[in-house]
Amino acid sequence: MTSPSIAAMSPREIIARRCAQEVKDGEVVNLGFGIPTLTSNYLPKGMSVIFHAENGCFGFGAKPGTLEADSDITNAGTEPITLLPGAAIMDMITSFGAMRNGFIDITVLGALEVDQEGNLANWATKRNGKWWPGPGGAMDLCYGTKKVIAALQHTDKSGDSKVKRRTNLPLTGRRCTKVIVTDKAVFDVLPEGGLLLREALPGLSADDIRAITEADFTVADDFRPMNFDLA
Amino acid sequence: MTSPSIAAMSPREIIARRCAQEVKDGEVVNLGFGIPTLTSNYLPKGMSVIFHAENGCFGFGAKPGTLEADSDITNAGTEPITLLPGAAIMDMITSFGAMRNGFIDITVLGALEVDQEGNLANWATKRNGKWWPGPGGAMDLCYGTKKVIAALQHTDKSGDSKVKRRTNLPLTGRRCTKVIVTDKAVFDVLPEGGLLLREALPGLSADDIRAITEADFTVADDFRPMNFDLA
Amino acid sequence: MSRSKVLSLSEAMVRVKSGTRLMTGDFVGAAEPAKCLEWLVDNKIGNLTLITCTPGMTGGFGKGHLYANGLVSELISSHVATTNESSEAYLSGALMVRQLYPMGTWAEKVRAGAVGIGGVLIPVGVGILDQPGLFPDLEEPKQKVTVGGKEYFVEEALRAEVSIIKGWRADPLGNVEFRYTSGQNQRDIAMAGDYAIVEVNEIVPVGTIPPDRVGCPGVFIDAVVQGYSLEDQHRRYRDHWIKLGRLQPIAEGATP
Amino acid sequence: MSRSKVLSLSEAMVRVKSGTRLMTGDFVGAAEPAKCLEWLVDNKIGNLTLITCTPGMTGGFGKGHLYANGLVSELISSHVATTNESSEAYLSGALMVRQLYPMGTWAEKVRAGAVGIGGVLIPVGVGILDQPGLFPDLEEPKQKVTVGGKEYFVEEALRAEVSIIKGWRADPLGNVEFRYTSGQNQRDIAMAGDYAIVEVNEIVPVGTIPPDRVGCPGVFIDAVVQGYSLEDQHRRYRDHWIKLGRLQPIAEGATP
């Protein structure tokens with residue numbers, strides 16, 4: 001893998017790389033679609049985690065080559081996957097039971113908005129006067145997963161903060177988010193609510209983050225720049 | 001198999017043989033413990049039924065020889081069984097789901113008492129002031145099985161009728177019994193409640209049955225002696 | 001002897017009529033009963049209420065054709081937009097969706113219908129999905145109950161008139177074996193239908209499937225129909241995955 | 001690398017203490033975690049609340065020794081008398097049973113605990129098990145709810161502090177494979193325990209158990225302990241079945 005400088009990275013790559021640092025060896029991990037999926041590219045070599053797919057699998061591996069793709073071995077996004085040694089197939093209701101019941105250690109989920117209470121919104125926007133597109137498995141993940149990481153760009157196309165005081169979108173999970181990772185900053189959500197700024201993109205100060213963030217936050221004593229070991 | 005005359009049969013054998021006549025080719029059958037289990041000995045040769053075991057099996061066969069007994073192939077009474085071609089293993093919750101949801105065509109259940117409304121009681125008598133011994137899977141069977149056959153001796157040791165006007169024991173199933181088979185008589189339970197005497201042991205008249213039966217009943221137009229094809 | 005449950009596609013599918021409440025097995029288009037779905041499109045069976053995990057896989061595949069052809073009038077699911085076709089039908093008002101369920105809730109509701117219980121108590125989404133006005137087409141507010149001091153949704157069992165699932169192989173008794181992640185909740189779906197059809201890659205003699213490899217006992221199945229061969233199924237998915245950019249195109253000269 | 005979950009019997013079983021709320025897998029004594037049960041008897045771990053399908057197999061086998069030794073103070077089950085030992089303990093007043101559940105209800109309650117739902121709506125026994133006075137030790141009447149015009153019991157999820165299940169073989173990740181009817185609801189029991197132990201006939205390297213033969217994923221298991229070999233297990237059951245008259249004694253001179 002090439003090791004670009006942070007300055008040369010896309011926002012998606014920054015988020016994915018930083019999310020990867022939240023994952024611990026041996027954990028059971030569920031990655032949502034989009035940016036979260038990229039996270040798996042940046043886990044340290046030698047780290048062994050168990051990837052969970054909602055449709056009913058623990059322990060899947062990389063995407064197969066086209067001719068090796070087996071249409072009966074897929075992930076929750078209908079993508080072909082491979083099964084690693086030690087993988088386990090289960091039925092869907094057991095898989096979602098595992099999600100509700102705290103057997104997933106960590107999930108990285110894309111978000112439309114998060115807020116300073118840890119509320120996460122990612123399933124519904126208004127289109128033609130209707131809520132669209134639906135929760136899929138994201139509410140189950142937010143409900144039961146021990147550590148929910150919200151992964152999103154810090155601001156929308158107009159430059160408005162997606163890290164809100166209070167989101168008004170229908171929620172995916174109430175007070176579920178433990179860590180917010182954006183392309184500009186990393187916040188912890190405190191157990192009693194409220195955000196703690198832990199890191200910012202190198203070169204950005206806490207005040208720079210305050211200028212682009214709607215939510216209130218305090219600054220960690222050990223506030224520091226994001227650091228990717230690109231060696 | 002020897003073919004004894006009805007006169008020489010034990011009450012248990014009479015009941016089991018008569019219950020066997022209720023089973024139709026191709027049906028899914030669950031036999032309770034005791035007399036009901038004996039029913040399988042008297043199914044016509046060439047009849048193919050699917051035996052269900054609550055712990056999670058369709059399509060089991062005869063008891064194995066001692067040295068062939070596999071301790072991981074058992075029925076709901078922890079007896080070793082064999083698996084016939086076409087057998088299917090399922091988990092216990094699916095098995096009980098099948099029972100509640102009408103996938104069992106017929107069950108033969110022992111009973112302490114039945115009554116003329118089709119109520120069946122077989123799980124509880126008072127001992128030391130407590131209800132004893134418990135429903136096990138019998139309530140699930142009574143709830144969901146399409147045809148419940150109550151199999152019991154007509155009278156208790158004191159000669160009192162076990163076919164009651166109304167049983168006062170805790171019920172296993174309310175209005176669930178379709179047919180009552182005793183060592184003396186066969187009754188249908190009418191859809192709106194009430195018993196219809198269909199058969200009696202050869203030599204017994206409808207009045208003989210009335211003399212030993214607490215429940216009220218009407219007599220079928222085609223009332224006739226029980227008949228076992230003993231050829 | 002038990003009669004064989006093997007039927008032709010149309011002998012089985014004639015059970016699905018205009019207006020049928022239909023449940024299908026699949027997970028976002030994986031392990032869909034492809035031939036049965038094609039039959040519905042070919043025969044223009046419409047006004048369906050479709051109970052399914054998600055609308056399916058996008059880009060003109062499987063269930064997507066049902067929405068594109070206007071055959072589904074109501075969807076009971078966790079999502080409206082895993083296919084562009086369903087998304088458009090929903091946004092245009094052609095596809096009614098009374099409420100959306102978290103996928104795990106949807107699966108538990110189907111299972112409740114499968115195993116003859118009235119429903120389940122679901123904690124997911126309490127305080128969110130019961131917000132007034134969120135689902136304006138709901139006739140009554142979502143029922144809740146408190147157990148052990150915690151509030152739950154009372155989620156009623158879901159059942160269908162016809163269920164169609166997809167297996168790998170089945171025998172004439174209807175016993176079905178699944179491969180890998182294709183099992184999903186297919187057995188529950190079969191059990192939750194008044195009439196259950198399984199489409200398989202292969203029909204095998206009784207006794208072929210080991211008893212502990214049966215994923216759906218034949219007792220739960222009414223009809224077995226022949227679907228695509230496993231090889232053809234792989235080819236269909238690989239081709240579609242290439243089209244969607246999920247797999248690399250096969251290089252010129254390689255043997256597909 | 002993931003740490004191996006293989007532990008010695010006492011390393012795992014030390015989690016069970018006097019007063020522990022314990023759930024065990026088995027069906028009337030079939031597929032019981034035999035060595036773990038023996039450990040409880042040997043170490044006289046008492047005052048247990050035992051959640052189990054039935055008390056076990058009668059005649060001095062497995063769980064029966066727990067009641068005979070007065071180690072179980074409360075039983076949550078479908079039956080009190082599948083063992084003489086439990087029957088006597090119950091009738092003498094030594095074994096508390098607040099209420100008895102239909103076996104299918106018991107299994108659904110365990111599953112609810114396994115999959116993180118609050119409970120299930122059960123139609124079985126409505127109008128029977130809620131008769132006043134039937135279970136005098138019940139503190140509150142059974143909760144009911146009406147859904148779709150039909151009345152159901154609200155049956156709350158059951159969970160345990162420690163769950164012990166029995167499998168055929170397991171790998172160091174905790175993946176468990178079951179043989180034939182021994183799967184029962186063992187996976188649900190593992191998931192419904194805060195700490196889950198599996199006793200197996202054989203411990204095998206990771207990768208030995210094919211992914212679609214895993215009956216209980218290792219993610220649900222905390223400890224794997226070595227039990228009797230499969231051969232010894234067969235012998236134990238055959239001997240007991242002969243003792244109970246369920247199998248014919250082996251003729252003199254035959255090889256056991």
# chains A, B, ... in the order shown; residues from 1 in each chain; ligands from 1

call {"tool": "interface_residues", "arguments": {"of": "chain D", "to": "chain B", "cutoff": "6 Å", "atoms": "only C-alpha atoms", "output": "list in words"}}
result
Ala30, Ser78, His79, Val80, Ala81, Pro102, Met103, Gly104, Tyr180, Thr181, Ser182, Gln184, Asn185, His234 and Leu247 of chain D

call {"tool": "interface_residues", "arguments": {"of": "chain D", "to": "chain C", "cutoff": "10 Å", "atoms": "only C-alpha atoms", "output": "PyMOL selection string"}}
result
chain D and resi 104-105+108+112+115-124+143+145-148+150-157+178-181+183+210-213

call {"tool": "write_last_selection", "arguments": {"atoms": "N, CA and C atoms", "output": "mmCIF file, in the first residue's frame"}}
result
data_model
loop_
_atom_site.group_PDB
_atom_site.id
_atom_site.type_symbol
_atom_site.label_atom_id
_atom_site.label_comp_id
_atom_site.auth_asym_id
_atom_site.auth_seq_id
_atom_site.Cartn_x
_atom_site.Cartn_y
_atom_site.Cartn_z
ATOM 1 N N GLY D 104 -42.455 -25.417 24.915
ATOM 2 C CA GLY D 104 -42.227 -24.470 23.816
ATOM 3 C C GLY D 104 -42.161 -23.036 24.310
ATOM 4 N N THR D 105 -42.911 -22.744 25.344
ATOM 5 C CA THR D 105 -42.869 -21.409 25.939
ATOM 6 C C THR D 105 -41.526 -21.188 26.621
ATOM 7 N N GLU D 108 -38.962 -20.490 24.013
ATOM 8 C CA GLU D 108 -39.081 -19.140 23.443
ATOM 9 C C GLU D 108 -38.579 -18.078 24.423
ATOM 10 N N ALA D 112 -35.668 -15.539 23.624
ATOM 11 C CA ALA D 112 -35.819 -14.089 23.774
ATOM 12 C C ALA D 112 -34.623 -13.519 24.535
ATOM 13 N N VAL D 115 -31.543 -13.399 22.134
ATOM 14 C CA VAL D 115 -31.485 -12.482 20.985
ATOM 15 C C VAL D 115 -31.843 -11.047 21.343
ATOM 16 N N GLY D 116 -31.874 -10.754 22.645
ATOM 17 C CA GLY D 116 -32.003 -9.362 23.039
ATOM 18 C C GLY D 116 -33.367 -8.762 22.798
ATOM 19 N N ILE D 117 -34.403 -9.545 22.893
ATOM 20 C CA ILE D 117 -35.750 -8.977 22.860
ATOM 21 C C ILE D 117 -36.360 -9.126 24.252
ATOM 22 N N GLY D 118 -37.411 -8.363 24.517
ATOM 23 C CA GLY D 118 -37.958 -8.345 25.871
ATOM 24 C C GLY D 118 -38.759 -9.572 26.229
ATOM 25 N N GLY D 119 -39.304 -10.203 25.220
ATOM 26 C CA GLY D 119 -40.130 -11.373 25.456
ATOM 27 C C GLY D 119 -40.943 -11.693 24.230
ATOM 28 N N VAL D 120 -41.876 -12.607 24.410
ATOM 29 C CA VAL D 120 -42.678 -13.107 23.303
ATOM 30 C C VAL D 120 -44.132 -13.198 23.749
ATOM 31 N N LEU D 121 -45.020 -13.200 22.761
ATOM 32 C CA LEU D 121 -46.458 -13.307 23.023
ATOM 33 C C LEU D 121 -46.884 -14.740 22.721
ATOM 34 N N ILE D 122 -47.254 -15.453 23.774
ATOM 35 C CA ILE D 122 -47.480 -16.893 23.665
ATOM 36 C C ILE D 122 -48.966 -17.201 23.835
ATOM 37 N N PRO D 123 -49.535 -17.885 22.855
ATOM 38 C CA PRO D 123 -50.955 -18.231 22.983
ATOM 39 C C PRO D 123 -51.209 -19.507 23.780
ATOM 40 N N VAL D 124 -50.183 -20.340 23.939
ATOM 41 C CA VAL D 124 -50.394 -21.658 24.558
ATOM 42 C C VAL D 124 -50.706 -21.495 26.044
ATOM 43 N N GLN D 143 -48.917 -11.715 33.031
ATOM 44 C CA GLN D 143 -49.278 -10.552 32.217
ATOM 45 C C GLN D 143 -49.819 -11.018 30.864
ATOM 46 N N VAL D 145 -51.704 -9.695 26.972
ATOM 47 C CA VAL D 145 -51.910 -8.585 26.044
ATOM 48 C C VAL D 145 -52.778 -9.111 24.899
ATOM 49 N N THR D 146 -53.559 -8.250 24.320
ATOM 50 C CA THR D 146 -54.406 -8.651 23.195
ATOM 51 C C THR D 146 -53.844 -8.043 21.915
ATOM 52 N N VAL D 147 -53.608 -8.905 20.948
ATOM 53 C CA VAL D 147 -53.086 -8.463 19.650
ATOM 54 C C VAL D 147 -53.964 -9.100 18.575
ATOM 55 N N GLY D 148 -54.455 -8.286 17.668
ATOM 56 C CA GLY D 148 -55.297 -8.814 16.596
ATOM 57 C C GLY D 148 -56.512 -9.551 17.129
ATOM 58 N N LYS D 150 -56.771 -11.425 19.743
ATOM 59 C CA LYS D 150 -56.478 -12.685 20.443
ATOM 60 C C LYS D 150 -55.614 -12.397 21.663
ATOM 61 N N GLU D 151 -55.848 -13.159 22.726
ATOM 62 C CA GLU D 151 -55.139 -12.920 23.967
ATOM 63 C C GLU D 151 -53.870 -13.783 24.044
ATOM 64 N N TYR D 152 -52.798 -13.171 24.514
ATOM 65 C CA TYR D 152 -51.515 -13.876 24.639
ATOM 66 C C TYR D 152 -50.898 -13.597 26.005
ATOM 67 N N PHE D 153 -50.135 -14.566 26.479
ATOM 68 C CA PHE D 153 -49.264 -14.287 27.617
ATOM 69 C C PHE D 153 -48.077 -13.435 27.150
ATOM 70 N N VAL D 154 -47.727 -12.445 27.958
ATOM 71 C CA VAL D 154 -46.473 -11.725 27.745
ATOM 72 C C VAL D 154 -45.408 -12.515 28.506
ATOM 73 N N GLU D 155 -44.613 -13.248 27.799
ATOM 74 C CA GLU D 155 -43.613 -14.099 28.450
ATOM 75 C C GLU D 155 -42.251 -13.436 28.334
ATOM 76 N N GLU D 156 -41.724 -13.068 29.476
ATOM 77 C CA GLU D 156 -40.497 -12.300 29.555
ATOM 78 C C GLU D 156 -39.276 -13.164 29.202
ATOM 79 N N ALA D 157 -38.256 -12.513 28.659
ATOM 80 C CA ALA D 157 -37.007 -13.191 28.327
ATOM 81 C C ALA D 157 -36.369 -13.786 29.571
ATOM 82 N N PHE D 178 -22.447 -29.527 16.405
ATOM 83 C CA PHE D 178 -23.302 -30.482 17.095
ATOM 84 C C PHE D 178 -23.566 -31.680 16.191
ATOM 85 N N ARG D 179 -23.830 -32.821 16.814
ATOM 86 C CA ARG D 179 -24.207 -34.015 16.055
ATOM 87 C C ARG D 179 -25.723 -34.231 16.184
ATOM 88 N N TYR D 180 -26.408 -34.395 15.082
ATOM 89 C CA TYR D 180 -27.809 -34.834 15.033
ATOM 90 C C TYR D 180 -28.707 -34.077 16.014
ATOM 91 N N THR D 181 -29.460 -34.799 16.837
ATOM 92 C CA THR D 181 -30.449 -34.121 17.679
ATOM 93 C C THR D 181 -29.842 -33.441 18.905
ATOM 94 N N GLY D 183 -28.221 -30.721 19.050
ATOM 95 C CA GLY D 183 -28.166 -29.256 18.947
ATOM 96 C C GLY D 183 -29.232 -28.565 19.783
ATOM 97 N N PRO D 210 -16.296 -26.849 9.213
ATOM 98 C CA PRO D 210 -16.708 -26.017 8.073
ATOM 99 C C PRO D 210 -17.657 -24.911 8.543
ATOM 100 N N PRO D 211 -17.542 -23.714 7.955
ATOM 101 C CA PRO D 211 -18.346 -22.582 8.435
ATOM 102 C C PRO D 211 -19.836 -22.879 8.509
ATOM 103 N N ASP D 212 -20.343 -23.684 7.576
ATOM 104 C CA ASP D 212 -21.786 -23.943 7.613
ATOM 105 C C ASP D 212 -22.126 -25.175 8.448
ATOM 106 N N ARG D 213 -21.155 -25.714 9.154
ATOM 107 C CA ARG D 213 -21.431 -26.764 10.138
ATOM 108 C C ARG D 213 -21.311 -26.221 11.568
#

call {"tool": "residues_around", "arguments": {"residues": "Ile149 of chain A", "least_positions_apart": "5", "cutoff": "12 Å", "atoms": "only C-alpha atoms", "output": "MDAnalysis selection string"}}
result
chainID A and resid 15:16 18:23 29:32 35:36 39 105:111 114 118:120 141:142 173 175:182 186:189

call {"tool": "atom_distance", "arguments": {"atom1": "atom CA of Phe60 of chain B", "atom2": "atom CA of Glu27 of chain B"}}
result
13.4 Å

call {"tool": "residues_around", "arguments": {"residues": "Gln186 of chain D", "least_positions_apart": "6", "cutoff": "8 Å", "atoms": "only C-alpha atoms", "output": "list in words"}}
result
Gly25, Asp26, Ile165, Lys166 and Cys216 of chain D

call {"tool": "write_last_selection", "arguments": {"atoms": "N, CA and C atoms", "output": "PDB file, in the first residue's frame"}}
result
ATOM      1  N   GLY D  25     -27.825 -26.658  28.854  1.00  0.00           N
ATOM      2  CA  GLY D  25     -28.379 -27.272  27.659  1.00  0.00           C
ATOM      3  C   GLY D  25     -28.555 -28.760  27.853  1.00  0.00           C
ATOM      4  N   ASP D  26     -29.649 -29.292  27.364  1.00  0.00           N
ATOM      5  CA  ASP D  26     -29.931 -30.716  27.295  1.00  0.00           C
ATOM      6  C   ASP D  26     -31.401 -30.854  26.982  1.00  0.00           C
ATOM      7  N   ILE D 165     -23.349 -25.382  27.887  1.00  0.00           N
ATOM      8  CA  ILE D 165     -23.938 -26.200  26.833  1.00  0.00           C
ATOM      9  C   ILE D 165     -23.008 -27.357  26.501  1.00  0.00           C
ATOM     10  N   LYS D 166     -23.530 -28.279  25.705  1.00  0.00           N
ATOM     11  CA  LYS D 166     -22.769 -29.469  25.320  1.00  0.00           C
ATOM     12  C   LYS D 166     -22.725 -29.559  23.801  1.00  0.00           C
ATOM     13  N   CYS D 216     -22.974 -23.220  16.823  1.00  0.00           N
ATOM     14  CA  CYS D 216     -22.919 -22.076  17.727  1.00  0.00           C
ATOM     15  C   CYS D 216     -21.620 -21.330  17.448  1.00  0.00           C
TER      16      CYS D 216
END

call {"tool": "residues_around", "arguments": {"residues": "Met226 of chain B", "least_positions_apart": "6", "cutoff": "6 Å", "atoms": "only C-alpha atoms", "output": "PDB file with N, CA and C atoms, in the first residue's frame"}}
result
ATOM      1  N   GLU B 199     -67.770 -46.349  18.438  1.00  0.00           N
ATOM      2  CA  GLU B 199     -67.465 -47.783  18.511  1.00  0.00           C
ATOM      3  C   GLU B 199     -67.394 -48.213  19.967  1.00  0.00           C
ATOM      4  N   ALA B 200     -67.570 -49.498  20.174  1.00  0.00           N
ATOM      5  CA  ALA B 200     -67.354 -50.074  21.507  1.00  0.00           C
ATOM      6  C   ALA B 200     -66.632 -51.412  21.340  1.00  0.00           C
ATOM      7  N   LEU B 201     -66.069 -51.852  22.419  1.00  0.00           N
ATOM      8  CA  LEU B 201     -65.417 -53.149  22.407  1.00  0.00           C
ATOM      9  C   LEU B 201     -66.464 -54.191  21.977  1.00  0.00           C
TER      10      LEU B 201
END

call {"tool": "atom_distance", "arguments": {"atom1": "atom CA of Ser10 of chain B", "atom2": "atom CA of Lys45 of chain B"}}
result
22.1 Å

call {"tool": "select_by_dssp", "arguments": {"residues": "segment 149-235 of chain D", "states": "alpha helix (DSSP H)", "output": "JSON, numbers by chain"}}
result
{"D": [186, 187, 188, 189, 190, 191, 230, 231, 232, 233, 234, 235]}

call {"tool": "write_last_selection", "arguments": {"atoms": "C-alpha atoms", "output": "mmCIF file, in the first residue's frame"}}
result
data_model
loop_
_atom_site.group_PDB
_atom_site.id
_atom_site.type_symbol
_atom_site.label_atom_id
_atom_site.label_comp_id
_atom_site.auth_asym_id
_atom_site.auth_seq_id
_atom_site.Cartn_x
_atom_site.Cartn_y
_atom_site.Cartn_z
ATOM 1 C CA GLN D 186 -27.897 -25.122 22.937
ATOM 2 C CA ARG D 187 -26.900 -22.046 20.918
ATOM 3 C CA ASP D 188 -29.763 -20.021 22.384
ATOM 4 C CA ILE D 189 -28.693 -21.062 25.874
ATOM 5 C CA ALA D 190 -25.126 -19.948 25.208
ATOM 6 C CA MET D 191 -26.353 -16.572 23.941
ATOM 7 C CA LEU D 230 -17.684 -39.388 22.061
ATOM 8 C CA GLU D 231 -17.010 -43.082 22.646
ATOM 9 C CA ASP D 232 -17.193 -42.697 26.411
ATOM 10 C CA GLN D 233 -20.344 -40.622 26.051
ATOM 11 C CA HIS D 234 -22.031 -43.347 23.993
ATOM 12 C CA ARG D 235 -21.020 -45.891 26.630
#

call {"tool": "closest_residue", "arguments": {"among": "C:Arg159, C:Pro205, C:Leu100, C:Gly149", "to": "Leu129 of chain C", "atoms": "only C-alpha atoms"}}
result
C:Leu100
